[in-house]
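For reference, the structure discussed in these notes is given below.
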Amino acid sequence: MHIEKLTIANYRNYASAEIYPGGGVNLFVGNNAQGKTNLLESVYLASVGRSARTPRWQELIKWGEKEALVRVSVRKDIGRDEVTIKLDKEKRVAVNGLPLSRIGELMGVLKTVLFSPDELRIVKDGPGERRRFIDIALCQLSKAYFYALTRYNKILAQRNKLLKSSPADDAIDVWDMQLAREGARVVKTRRGFIERLAPLAEAVHLDITGSEKLSLSYEGPEGGSIDEIEAALLAALHKSRQRDRMFMLTHVGPQRDDLGISVGDVDLRAYGSQGQQRSAALSLKLAEMELLKAESGEYPVLLLDDVLSELDEYRQSKLLSHIKAYQTIITCTSLSPEVRERLGEAKEFRVSAGTVTEADGA
């Protein structure tokens, strides 16, 4: 799939913009604080229904304006789709002109993989970042997973609320059974995703490093089947109940799970060098591209937000060798002649103070 047209109005620092990206590599070049990241954010918003930078969609509306618009036209192997998001007193989402009553119906219409300086920290930062990586990929692959995760989070919030009121054990038991059942679905799906992602990440990482073997593992409750995972979660919830009561918070479940990332016996999350951690993060993102292609039939759109400046020349070259297979949108402040040569044919846009112009000769 690839984006044919991006239209935004009163979005962040843009009054309006209409952009026609090419099907391959697209460069958005400009100084810092001109609006390059805002463009990628708008595409990501149309993909998953939320910003990667803020949970408050009201912040996306241009200062002094009452409403904002994002519209993305997507060309696929079979047909086209158009995603429209209007922000005013509420967030309204439509696909092909039809309003969506549930945001889950947006998942998979426009698939994207975002790679930014923040994503480079996915290995060394806390488990929450790694869970987010898994969840965003899975939500784009499976609406059923999106709804299972949503149900789990709602049940978890209700259980945490109940814990604040010194409830009787039988009241907690009711929520524990629901939490364990829905949590088992989440864990089972996540574990399967990591099992499928692992060999792809290992192959990409071997290409990037030349020698190191990357291993991924899902760190969560034991069990292969949903019933086994559910039983393990129920037992863990029961064991943790006294602690949960004391702190009025649920301490076990998918919201505490993690993704193990290692090379040999070295846990890269704690002991990897900066170079190793960046290679692993790059491998995860490129493997995600390949897995989404394998399971959905076409590549998602790759969004690279000022990430080239964060990579050394060798890792830059490895990244650039992959991106010619699919539509890529890259933001940067400048590009060296060597990088331009590696990119080959690319469509270039200049970004300045909330305006976008197609570069001469692009």
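Every chain in the structure tokens has a letter given in the order shown (A, B, ...), and although residue numbers restart at 1 in each chain, ligands are simply numbered from 1 in the order shown.
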
Neighbours of A:Ser73 within 8 Å (only C-alpha atoms; same-chain residues fewer than 2 positions away dropped), as a VMD selection string? chain A and resid 3 to 6 71 75 80 to 83

Could those residues be written to a file, using N, CA, C and O atoms, as a PDB file, in the first residue's frame?
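result.pdb written:
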```pdb
ATOM      1  N   ILE A   3       0.489   5.841   0.199  1.00  0.00           N
ATOM      2  CA  ILE A   3      -0.333   7.045   0.300  1.00  0.00           C
ATOM      3  C   ILE A   3      -0.243   7.814  -1.014  1.00  0.00           C
ATOM      4  O   ILE A   3       0.848   8.106  -1.509  1.00  0.00           O
ATOM      5  N   GLU A   4      -1.389   8.129  -1.587  1.00  0.00           N
ATOM      6  CA  GLU A   4      -1.427   8.922  -2.819  1.00  0.00           C
ATOM      7  C   GLU A   4      -1.569  10.415  -2.527  1.00  0.00           C
ATOM      8  O   GLU A   4      -1.046  11.246  -3.276  1.00  0.00           O
ATOM      9  N   LYS A   5      -2.293  10.724  -1.446  1.00  0.00           N
ATOM     10  CA  LYS A   5      -2.541  12.138  -1.148  1.00  0.00           C
ATOM     11  C   LYS A   5      -2.752  12.322   0.346  1.00  0.00           C
ATOM     12  O   LYS A   5      -3.435  11.525   0.987  1.00  0.00           O
ATOM     13  N   LEU A   6      -2.142  13.361   0.878  1.00  0.00           N
ATOM     14  CA  LEU A   6      -2.325  13.760   2.273  1.00  0.00           C
ATOM     15  C   LEU A   6      -2.838  15.194   2.302  1.00  0.00           C
ATOM     16  O   LEU A   6      -2.202  16.092   1.736  1.00  0.00           O
ATOM     17  N   ARG A  71      -6.904  14.085   6.104  1.00  0.00           N
ATOM     18  CA  ARG A  71      -7.481  13.159   5.124  1.00  0.00           C
ATOM     19  C   ARG A  71      -6.350  12.489   4.356  1.00  0.00           C
ATOM     20  O   ARG A  71      -5.456  13.159   3.832  1.00  0.00           O
ATOM     21  N   ARG A  75      -3.668   3.955  -1.676  1.00  0.00           N
ATOM     22  CA  ARG A  75      -3.787   3.007  -2.786  1.00  0.00           C
ATOM     23  C   ARG A  75      -3.292   1.643  -2.317  1.00  0.00           C
ATOM     24  O   ARG A  75      -2.217   1.536  -1.736  1.00  0.00           O
ATOM     25  N   ARG A  80      -8.782   1.406  -3.435  1.00  0.00           N
ATOM     26  CA  ARG A  80      -8.323   2.551  -2.659  1.00  0.00           C
ATOM     27  C   ARG A  80      -9.197   2.728  -1.425  1.00  0.00           C
ATOM     28  O   ARG A  80     -10.350   2.313  -1.412  1.00  0.00           O
ATOM     29  N   ASP A  81      -8.638   3.380  -0.420  1.00  0.00           N
ATOM     30  CA  ASP A  81      -9.402   3.778   0.762  1.00  0.00           C
ATOM     31  C   ASP A  81      -9.057   5.222   1.101  1.00  0.00           C
ATOM     32  O   ASP A  81      -7.948   5.686   0.814  1.00  0.00           O
ATOM     33  N   GLU A  82     -10.009   5.900   1.716  1.00  0.00           N
ATOM     34  CA  GLU A  82      -9.770   7.262   2.167  1.00  0.00           C
ATOM     35  C   GLU A  82     -10.153   7.365   3.638  1.00  0.00           C
ATOM     36  O   GLU A  82     -11.282   7.060   4.025  1.00  0.00           O
ATOM     37  N   VAL A  83      -9.195   7.780   4.452  1.00  0.00           N
ATOM     38  CA  VAL A  83      -9.415   7.966   5.886  1.00  0.00           C
ATOM     39  C   VAL A  83      -9.554   9.454   6.163  1.00  0.00           C
ATOM     40  O   VAL A  83      -8.703  10.251   5.747  1.00  0.00           O
TER      41      VAL A  83
END
```

Filtered DSSP result for stretch 47-204 of chain A, state helix (DSSP H, G or I), as a ChimeraX atom specification: /A:47-48,57-60,103-106,119-122,127-141,143-163,169-204

Residues from the last selection, C-alpha atoms, saved as a PDB file, in the first residue's frame:
```pdb
ATOM      1  CA  SER A  47      -3.362   4.884  10.722  1.00  0.00           C
ATOM      2  CA  VAL A  48      -4.063   4.073  14.375  1.00  0.00           C
ATOM      3  CA  TRP A  57      -6.013  15.033  20.454  1.00  0.00           C
ATOM      4  CA  GLN A  58      -7.133  18.585  21.293  1.00  0.00           C
ATOM      5  CA  GLU A  59      -3.464  19.586  21.123  1.00  0.00           C
ATOM      6  CA  LEU A  60      -3.438  18.698  17.415  1.00  0.00           C
ATOM      7  CA  ILE A 103     -12.049   3.201  16.454  1.00  0.00           C
ATOM      8  CA  GLY A 104     -11.168  -0.480  16.099  1.00  0.00           C
ATOM      9  CA  GLU A 105     -12.686  -0.442  12.622  1.00  0.00           C
ATOM     10  CA  LEU A 106      -9.892   1.910  11.526  1.00  0.00           C
ATOM     11  CA  GLU A 119      11.746   4.293  18.974  1.00  0.00           C
ATOM     12  CA  LEU A 120      15.526   3.863  19.032  1.00  0.00           C
ATOM     13  CA  ARG A 121      15.194   3.663  22.802  1.00  0.00           C
ATOM     14  CA  ILE A 122      12.754   0.766  22.626  1.00  0.00           C
ATOM     15  CA  PRO A 127       8.852  -2.619  29.365  1.00  0.00           C
ATOM     16  CA  GLY A 128       6.004  -0.242  28.509  1.00  0.00           C
ATOM     17  CA  GLU A 129       7.755   0.833  25.314  1.00  0.00           C
ATOM     18  CA  ARG A 130       8.241  -2.759  24.202  1.00  0.00           C
ATOM     19  CA  ARG A 131       4.631  -3.668  24.972  1.00  0.00           C
ATOM     20  CA  ARG A 132       3.509  -0.634  22.952  1.00  0.00           C
ATOM     21  CA  PHE A 133       5.634  -1.836  20.026  1.00  0.00           C
ATOM     22  CA  ILE A 134       3.913  -5.242  20.133  1.00  0.00           C
ATOM     23  CA  ASP A 135       0.416  -3.842  20.622  1.00  0.00           C
ATOM     24  CA  ILE A 136       0.534  -1.310  17.797  1.00  0.00           C
ATOM     25  CA  ALA A 137       1.728  -3.909  15.311  1.00  0.00           C
ATOM     26  CA  LEU A 138      -0.889  -6.429  16.437  1.00  0.00           C
ATOM     27  CA  CYS A 139      -3.743  -3.922  16.408  1.00  0.00           C
ATOM     28  CA  GLN A 140      -2.970  -3.176  12.759  1.00  0.00           C
ATOM     29  CA  LEU A 141      -2.969  -6.881  11.962  1.00  0.00           C
ATOM     30  CA  LYS A 143      -9.152  -6.019  14.942  1.00  0.00           C
ATOM     31  CA  ALA A 144      -9.948  -8.931  17.284  1.00  0.00           C
ATOM     32  CA  TYR A 145      -6.740  -8.246  19.184  1.00  0.00           C
ATOM     33  CA  PHE A 146      -7.539  -4.535  19.410  1.00  0.00           C
ATOM     34  CA  TYR A 147     -10.909  -5.311  20.984  1.00  0.00           C
ATOM     35  CA  ALA A 148      -9.458  -7.956  23.325  1.00  0.00           C
ATOM     36  CA  LEU A 149      -6.828  -5.490  24.539  1.00  0.00           C
ATOM     37  CA  THR A 150      -9.479  -2.796  24.969  1.00  0.00           C
ATOM     38  CA  ARG A 151     -11.680  -5.133  27.015  1.00  0.00           C
ATOM     39  CA  TYR A 152      -8.730  -6.195  29.157  1.00  0.00           C
ATOM     40  CA  ASN A 153      -7.768  -2.586  29.925  1.00  0.00           C
ATOM     41  CA  LYS A 154     -11.344  -1.743  30.904  1.00  0.00           C
ATOM     42  CA  ILE A 155     -11.561  -4.743  33.244  1.00  0.00           C
ATOM     43  CA  LEU A 156      -8.164  -3.859  34.711  1.00  0.00           C
ATOM     44  CA  ALA A 157      -9.304  -0.297  35.376  1.00  0.00           C
ATOM     45  CA  GLN A 158     -12.446  -1.594  37.125  1.00  0.00           C
ATOM     46  CA  ARG A 159     -10.434  -3.986  39.293  1.00  0.00           C
ATOM     47  CA  ASN A 160      -8.009  -1.207  40.291  1.00  0.00           C
ATOM     48  CA  LYS A 161     -10.952   1.036  41.126  1.00  0.00           C
ATOM     49  CA  LEU A 162     -12.470  -1.733  43.250  1.00  0.00           C
ATOM     50  CA  LEU A 163      -9.213  -2.247  45.158  1.00  0.00           C
ATOM     51  CA  ASP A 169     -12.648 -11.338  48.404  1.00  0.00           C
ATOM     52  CA  ASP A 170     -15.669 -12.638  46.491  1.00  0.00           C
ATOM     53  CA  ALA A 171     -16.035  -9.240  44.792  1.00  0.00           C
ATOM     54  CA  ILE A 172     -12.408  -9.373  43.652  1.00  0.00           C
ATOM     55  CA  ASP A 173     -12.898 -12.987  42.521  1.00  0.00           C
ATOM     56  CA  VAL A 174     -15.481 -11.857  39.962  1.00  0.00           C
ATOM     57  CA  TRP A 175     -13.066  -9.408  38.359  1.00  0.00           C
ATOM     58  CA  ASP A 176     -10.134 -11.829  38.579  1.00  0.00           C
ATOM     59  CA  MET A 177     -11.968 -14.406  36.465  1.00  0.00           C
ATOM     60  CA  GLN A 178     -12.757 -11.824  33.774  1.00  0.00           C
ATOM     61  CA  LEU A 179      -9.266 -10.365  33.898  1.00  0.00           C
ATOM     62  CA  ALA A 180      -7.603 -13.770  33.595  1.00  0.00           C
ATOM     63  CA  ARG A 181      -9.764 -14.852  30.667  1.00  0.00           C
ATOM     64  CA  GLU A 182      -9.312 -11.699  28.630  1.00  0.00           C
ATOM     65  CA  GLY A 183      -5.661 -11.422  29.644  1.00  0.00           C
ATOM     66  CA  ALA A 184      -5.037 -14.952  28.391  1.00  0.00           C
ATOM     67  CA  ARG A 185      -6.238 -13.936  24.919  1.00  0.00           C
ATOM     68  CA  VAL A 186      -3.882 -10.950  24.944  1.00  0.00           C
ATOM     69  CA  VAL A 187      -0.893 -12.993  26.110  1.00  0.00           C
ATOM     70  CA  LYS A 188      -1.560 -15.833  23.644  1.00  0.00           C
ATOM     71  CA  THR A 189      -1.725 -13.419  20.715  1.00  0.00           C
ATOM     72  CA  ARG A 190       1.345 -11.466  21.784  1.00  0.00           C
ATOM     73  CA  ARG A 191       3.390 -14.624  22.276  1.00  0.00           C
ATOM     74  CA  GLY A 192       2.448 -15.894  18.830  1.00  0.00           C
ATOM     75  CA  PHE A 193       3.425 -12.544  17.319  1.00  0.00           C
ATOM     76  CA  ILE A 194       6.879 -12.663  18.915  1.00  0.00           C
ATOM     77  CA  GLU A 195       7.377 -16.260  17.774  1.00  0.00           C
ATOM     78  CA  ARG A 196       6.699 -15.181  14.186  1.00  0.00           C
ATOM     79  CA  LEU A 197       8.711 -11.969  14.467  1.00  0.00           C
ATOM     80  CA  ALA A 198      11.798 -13.584  16.024  1.00  0.00           C
ATOM     81  CA  PRO A 199      13.243 -15.319  12.927  1.00  0.00           C
ATOM     82  CA  LEU A 200      12.691 -12.212  10.805  1.00  0.00           C
ATOM     83  CA  ALA A 201      14.422 -10.008  13.377  1.00  0.00           C
ATOM     84  CA  GLU A 202      17.266 -12.515  13.670  1.00  0.00           C
ATOM     85  CA  ALA A 203      17.848 -12.431   9.890  1.00  0.00           C
ATOM     86  CA  VAL A 204      17.772  -8.623   9.693  1.00  0.00           C
TER      87      VAL A 204
END
```

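For A:Ala280, the set of protein, DNA and RNA residues having any atom at most 10 Å away, when counting only C-alpha atoms and skipping those fewer than 3 positions along the same chain, is Leu120, Arg121, Ile122, Val123, Ala201, Glu202, Val204, His205, Ile208, Thr209, Leu214, Ser215, Ile261, Ser262, Val263, Leu268, Arg269, Gly272, Gln274, Gly275, Gln276, Gln277, Ser283, Leu284, Lys285 and Leu286 of chain A.
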
Would you mind exporting the chosen residues as an mmCIF file, in the first residue's frame, restricted to N, CA, C and O atoms?
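So part-v5.cif came out as:
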```
data_model
loop_
_atom_site.group_PDB
_atom_site.id
_atom_site.type_symbol
_atom_site.label_atom_id
_atom_site.label_comp_id
_atom_site.auth_asym_id
_atom_site.auth_seq_id
_atom_site.Cartn_x
_atom_site.Cartn_y
_atom_site.Cartn_z
ATOM 1 N N LEU A 120 14.185 4.404 18.868
ATOM 2 C CA LEU A 120 15.526 3.863 19.032
ATOM 3 C C LEU A 120 15.785 3.430 20.463
ATOM 4 O O LEU A 120 16.651 2.595 20.718
ATOM 5 N N ARG A 121 15.011 3.996 21.389
ATOM 6 C CA ARG A 121 15.194 3.663 22.802
ATOM 7 C C ARG A 121 14.331 2.490 23.239
ATOM 8 O O ARG A 121 14.268 2.170 24.423
ATOM 9 N N ILE A 122 13.674 1.844 22.285
ATOM 10 C CA ILE A 122 12.754 0.766 22.626
ATOM 11 C C ILE A 122 13.441 -0.359 23.372
ATOM 12 O O ILE A 122 12.845 -1.028 24.213
ATOM 13 N N VAL A 123 14.742 -0.564 23.101
ATOM 14 C CA VAL A 123 15.459 -1.662 23.745
ATOM 15 C C VAL A 123 15.866 -1.295 25.166
ATOM 16 O O VAL A 123 15.662 -2.060 26.108
ATOM 17 N N ALA A 201 13.516 -10.927 12.698
ATOM 18 C CA ALA A 201 14.422 -10.008 13.377
ATOM 19 C C ALA A 201 15.835 -10.583 13.418
ATOM 20 O O ALA A 201 16.823 -9.845 13.264
ATOM 21 N N GLU A 202 15.947 -11.875 13.634
ATOM 22 C CA GLU A 202 17.266 -12.515 13.670
ATOM 23 C C GLU A 202 17.985 -12.355 12.329
ATOM 24 O O GLU A 202 19.177 -12.038 12.280
ATOM 25 N N VAL A 204 17.420 -10.031 9.933
ATOM 26 C CA VAL A 204 17.772 -8.623 9.693
ATOM 27 C C VAL A 204 18.977 -8.231 10.542
ATOM 28 O O VAL A 204 19.901 -7.564 10.069
ATOM 29 N N HIS A 205 18.971 -8.653 11.792
ATOM 30 C CA HIS A 205 20.056 -8.292 12.702
ATOM 31 C C HIS A 205 21.387 -8.887 12.252
ATOM 32 O O HIS A 205 22.439 -8.248 12.359
ATOM 33 N N ILE A 208 22.672 -6.708 9.594
ATOM 34 C CA ILE A 208 23.168 -5.423 10.090
ATOM 35 C C ILE A 208 24.511 -5.577 10.791
ATOM 36 O O ILE A 208 25.425 -4.775 10.596
ATOM 37 N N THR A 209 24.646 -6.625 11.611
ATOM 38 C CA THR A 209 25.857 -6.773 12.430
ATOM 39 C C THR A 209 26.914 -7.661 11.786
ATOM 40 O O THR A 209 28.100 -7.544 12.104
ATOM 41 N N LEU A 214 20.447 -12.378 17.183
ATOM 42 C CA LEU A 214 19.457 -11.736 18.042
ATOM 43 C C LEU A 214 18.378 -12.732 18.422
ATOM 44 O O LEU A 214 17.862 -13.463 17.577
ATOM 45 N N SER A 215 18.021 -12.755 19.708
ATOM 46 C CA SER A 215 16.964 -13.633 20.188
ATOM 47 C C SER A 215 15.875 -12.801 20.858
ATOM 48 O O SER A 215 16.173 -11.884 21.623
ATOM 49 N N ILE A 261 15.122 -9.321 24.860
ATOM 50 C CA ILE A 261 15.944 -9.047 23.673
ATOM 51 C C ILE A 261 17.390 -9.337 24.045
ATOM 52 O O ILE A 261 17.957 -8.663 24.920
ATOM 53 N N SER A 262 17.986 -10.315 23.414
ATOM 54 C CA SER A 262 19.337 -10.699 23.804
ATOM 55 C C SER A 262 20.178 -11.103 22.607
ATOM 56 O O SER A 262 19.659 -11.466 21.543
ATOM 57 N N VAL A 263 21.478 -11.036 22.796
ATOM 58 C CA VAL A 263 22.461 -11.566 21.853
ATOM 59 C C VAL A 263 23.333 -12.522 22.651
ATOM 60 O O VAL A 263 24.043 -12.100 23.559
ATOM 61 N N LEU A 268 20.310 -7.350 26.094
ATOM 62 C CA LEU A 268 20.605 -6.033 25.520
ATOM 63 C C LEU A 268 19.867 -4.915 26.232
ATOM 64 O O LEU A 268 20.297 -3.763 26.193
ATOM 65 N N ARG A 269 18.761 -5.233 26.899
ATOM 66 C CA ARG A 269 17.996 -4.199 27.587
ATOM 67 C C ARG A 269 18.817 -3.567 28.717
ATOM 68 O O ARG A 269 18.730 -2.366 28.964
ATOM 69 N N GLY A 272 23.474 -4.195 26.909
ATOM 70 C CA GLY A 272 23.927 -3.933 25.545
ATOM 71 C C GLY A 272 24.564 -2.567 25.416
ATOM 72 O O GLY A 272 24.186 -1.614 26.096
ATOM 73 N N GLN A 274 25.360 0.970 23.359
ATOM 74 C CA GLN A 274 24.437 1.827 22.604
ATOM 75 C C GLN A 274 24.324 1.351 21.165
ATOM 76 O O GLN A 274 23.232 1.327 20.596
ATOM 77 N N GLY A 275 25.457 0.943 20.581
ATOM 78 C CA GLY A 275 25.430 0.449 19.209
ATOM 79 C C GLY A 275 24.605 -0.819 19.084
ATOM 80 O O GLY A 275 23.827 -0.976 18.135
ATOM 81 N N GLN A 276 24.744 -1.744 20.033
ATOM 82 C CA GLN A 276 23.964 -2.977 20.007
ATOM 83 C C GLN A 276 22.479 -2.693 20.171
ATOM 84 O O GLN A 276 21.635 -3.304 19.497
ATOM 85 N N GLN A 277 22.145 -1.775 21.073
ATOM 86 C CA GLN A 277 20.744 -1.452 21.298
ATOM 87 C C GLN A 277 20.125 -0.806 20.068
ATOM 88 O O GLN A 277 18.975 -1.100 19.718
ATOM 89 N N SER A 283 16.519 -3.576 13.842
ATOM 90 C CA SER A 283 16.111 -4.915 13.412
ATOM 91 C C SER A 283 14.641 -5.176 13.717
ATOM 92 O O SER A 283 13.918 -5.770 12.907
ATOM 93 N N LEU A 284 14.177 -4.742 14.890
ATOM 94 C CA LEU A 284 12.778 -4.936 15.256
ATOM 95 C C LEU A 284 11.845 -4.216 14.281
ATOM 96 O O LEU A 284 10.823 -4.774 13.854
ATOM 97 N N LYS A 285 12.191 -2.996 13.928
ATOM 98 C CA LYS A 285 11.324 -2.221 13.044
ATOM 99 C C LYS A 285 11.299 -2.786 11.625
ATOM 100 O O LYS A 285 10.235 -2.881 10.998
ATOM 101 N N LEU A 286 12.456 -3.173 11.115
ATOM 102 C CA LEU A 286 12.499 -3.730 9.761
ATOM 103 C C LEU A 286 11.833 -5.106 9.732
ATOM 104 O O LEU A 286 11.185 -5.466 8.744
#
```

Could you give me, as an mmCIF file with C-alpha atoms, in the first residue's frame, the residues within 7 Å of stretch 339-348 of chain A, counting only C-alpha atoms and dropping anything in the same chain fewer than 2 positions from it?
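Saved file out07.cif follows:
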```cif
data_model
loop_
_atom_site.group_PDB
_atom_site.id
_atom_site.type_symbol
_atom_site.label_atom_id
_atom_site.label_comp_id
_atom_site.auth_asym_id
_atom_site.auth_seq_id
_atom_site.Cartn_x
_atom_site.Cartn_y
_atom_site.Cartn_z
ATOM 1 C CA GLY A 22 5.621 9.275 -4.505
ATOM 2 C CA GLY A 24 8.945 5.088 -3.171
ATOM 3 C CA VAL A 25 11.195 7.241 -1.020
ATOM 4 C CA ASN A 26 9.914 10.685 -0.008
ATOM 5 C CA LEU A 27 12.144 13.251 1.687
ATOM 6 C CA PHE A 28 10.747 16.093 3.786
ATOM 7 C CA LEU A 320 18.643 2.576 3.348
ATOM 8 C CA LEU A 335 21.285 14.948 3.761
ATOM 9 C CA SER A 336 24.875 14.299 2.849
ATOM 10 C CA PRO A 337 25.734 13.634 -0.825
ATOM 11 C CA ARG A 350 10.889 21.399 1.499
ATOM 12 C CA GLU A 358 7.855 20.183 -3.836
ATOM 13 C CA ALA A 359 11.561 20.666 -4.525
ATOM 14 C CA ALA A 362 11.493 16.193 -7.618
#
```

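Within stretch 156-259 of chain A, residues classed as strand (DSSP E or B) by DSSP on backbone coordinates are A:Leu214, A:Ser215, A:Leu216, A:Ser217, A:Tyr218, A:Glu219, A:Asp258, A:Leu259.
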
Selection to disk with all heavy atoms, as a PDB file, in the first residue's frame:
```pdb
ATOM      1  N   LEU A 214      20.447 -12.378  17.183  1.00  0.00           N
ATOM      2  CA  LEU A 214      19.457 -11.736  18.042  1.00  0.00           C
ATOM      3  C   LEU A 214      18.378 -12.732  18.422  1.00  0.00           C
ATOM      4  O   LEU A 214      17.862 -13.463  17.577  1.00  0.00           O
ATOM      5  CB  LEU A 214      18.829 -10.544  17.313  1.00  0.00           C
ATOM      6  CG  LEU A 214      17.835  -9.702  18.109  1.00  0.00           C
ATOM      7  CD1 LEU A 214      18.553  -8.870  19.163  1.00  0.00           C
ATOM      8  CD2 LEU A 214      17.031  -8.789  17.173  1.00  0.00           C
ATOM      9  N   SER A 215      18.021 -12.755  19.708  1.00  0.00           N
ATOM     10  CA  SER A 215      16.964 -13.633  20.188  1.00  0.00           C
ATOM     11  C   SER A 215      15.875 -12.801  20.858  1.00  0.00           C
ATOM     12  O   SER A 215      16.173 -11.884  21.623  1.00  0.00           O
ATOM     13  CB  SER A 215      17.515 -14.641  21.197  1.00  0.00           C
ATOM     14  OG  SER A 215      18.469 -15.482  20.587  1.00  0.00           O
ATOM     15  N   LEU A 216      14.621 -13.139  20.573  1.00  0.00           N
ATOM     16  CA  LEU A 216      13.469 -12.483  21.184  1.00  0.00           C
ATOM     17  C   LEU A 216      12.669 -13.514  21.973  1.00  0.00           C
ATOM     18  O   LEU A 216      12.554 -14.667  21.555  1.00  0.00           O
ATOM     19  CB  LEU A 216      12.560 -11.852  20.128  1.00  0.00           C
ATOM     20  CG  LEU A 216      13.182 -10.852  19.149  1.00  0.00           C
ATOM     21  CD1 LEU A 216      12.115 -10.354  18.176  1.00  0.00           C
ATOM     22  CD2 LEU A 216      13.823  -9.695  19.882  1.00  0.00           C
ATOM     23  N   SER A 217      12.104 -13.098  23.078  1.00  0.00           N
ATOM     24  CA  SER A 217      11.258 -13.988  23.866  1.00  0.00           C
ATOM     25  C   SER A 217      10.189 -13.164  24.570  1.00  0.00           C
ATOM     26  O   SER A 217      10.454 -12.042  25.005  1.00  0.00           O
ATOM     27  CB  SER A 217      12.084 -14.763  24.892  1.00  0.00           C
ATOM     28  OG  SER A 217      12.735 -13.879  25.790  1.00  0.00           O
ATOM     29  N   TYR A 218       8.990 -13.724  24.669  1.00  0.00           N
ATOM     30  CA  TYR A 218       7.921 -13.035  25.379  1.00  0.00           C
ATOM     31  C   TYR A 218       7.977 -13.429  26.844  1.00  0.00           C
ATOM     32  O   TYR A 218       7.952 -14.619  27.185  1.00  0.00           O
ATOM     33  CB  TYR A 218       6.545 -13.379  24.799  1.00  0.00           C
ATOM     34  CG  TYR A 218       5.445 -12.557  25.424  1.00  0.00           C
ATOM     35  CD1 TYR A 218       5.273 -11.231  25.050  1.00  0.00           C
ATOM     36  CD2 TYR A 218       4.607 -13.089  26.399  1.00  0.00           C
ATOM     37  CE1 TYR A 218       4.276 -10.452  25.625  1.00  0.00           C
ATOM     38  CE2 TYR A 218       3.607 -12.323  26.976  1.00  0.00           C
ATOM     39  CZ  TYR A 218       3.450 -11.001  26.587  1.00  0.00           C
ATOM     40  OH  TYR A 218       2.472 -10.236  27.169  1.00  0.00           O
ATOM     41  N   GLU A 219       8.064 -12.444  27.714  1.00  0.00           N
ATOM     42  CA  GLU A 219       8.164 -12.684  29.149  1.00  0.00           C
ATOM     43  C   GLU A 219       6.814 -12.408  29.799  1.00  0.00           C
ATOM     44  O   GLU A 219       6.429 -11.253  30.015  1.00  0.00           O
ATOM     45  CB  GLU A 219       9.257 -11.805  29.755  1.00  0.00           C
ATOM     46  CG  GLU A 219      10.640 -12.106  29.180  1.00  0.00           C
ATOM     47  CD  GLU A 219      11.740 -11.222  29.739  1.00  0.00           C
ATOM     48  OE1 GLU A 219      11.413 -10.249  30.465  1.00  0.00           O
ATOM     49  OE2 GLU A 219      12.917 -11.477  29.429  1.00  0.00           O
ATOM     50  N   ASP A 258       6.857  -8.310  29.351  1.00  0.00           N
ATOM     51  CA  ASP A 258       7.976  -7.656  28.690  1.00  0.00           C
ATOM     52  C   ASP A 258       8.415  -8.484  27.488  1.00  0.00           C
ATOM     53  O   ASP A 258       8.019  -9.648  27.323  1.00  0.00           O
ATOM     54  CB  ASP A 258       9.148  -7.476  29.662  1.00  0.00           C
ATOM     55  CG  ASP A 258      10.139  -6.386  29.229  1.00  0.00           C
ATOM     56  OD1 ASP A 258       9.975  -5.823  28.129  1.00  0.00           O
ATOM     57  OD2 ASP A 258      11.060  -6.098  29.995  1.00  0.00           O
ATOM     58  N   LEU A 259       9.234  -7.877  26.667  1.00  0.00           N
ATOM     59  CA  LEU A 259       9.860  -8.531  25.520  1.00  0.00           C
ATOM     60  C   LEU A 259      11.341  -8.697  25.810  1.00  0.00           C
ATOM     61  O   LEU A 259      12.054  -7.708  26.004  1.00  0.00           O
ATOM     62  CB  LEU A 259       9.654  -7.697  24.247  1.00  0.00           C
ATOM     63  CG  LEU A 259      10.447  -8.116  23.003  1.00  0.00           C
ATOM     64  CD1 LEU A 259      10.044  -9.527  22.562  1.00  0.00           C
ATOM     65  CD2 LEU A 259      10.217  -7.113  21.863  1.00  0.00           C
TER      66      LEU A 259
END
```

Close residues, A:Thr331 itself excluded, 7 Å, only C-alpha atoms, min 6 positions apart in chain, as a PyMOL selection string: chain A and resi 27-29+36+304-306
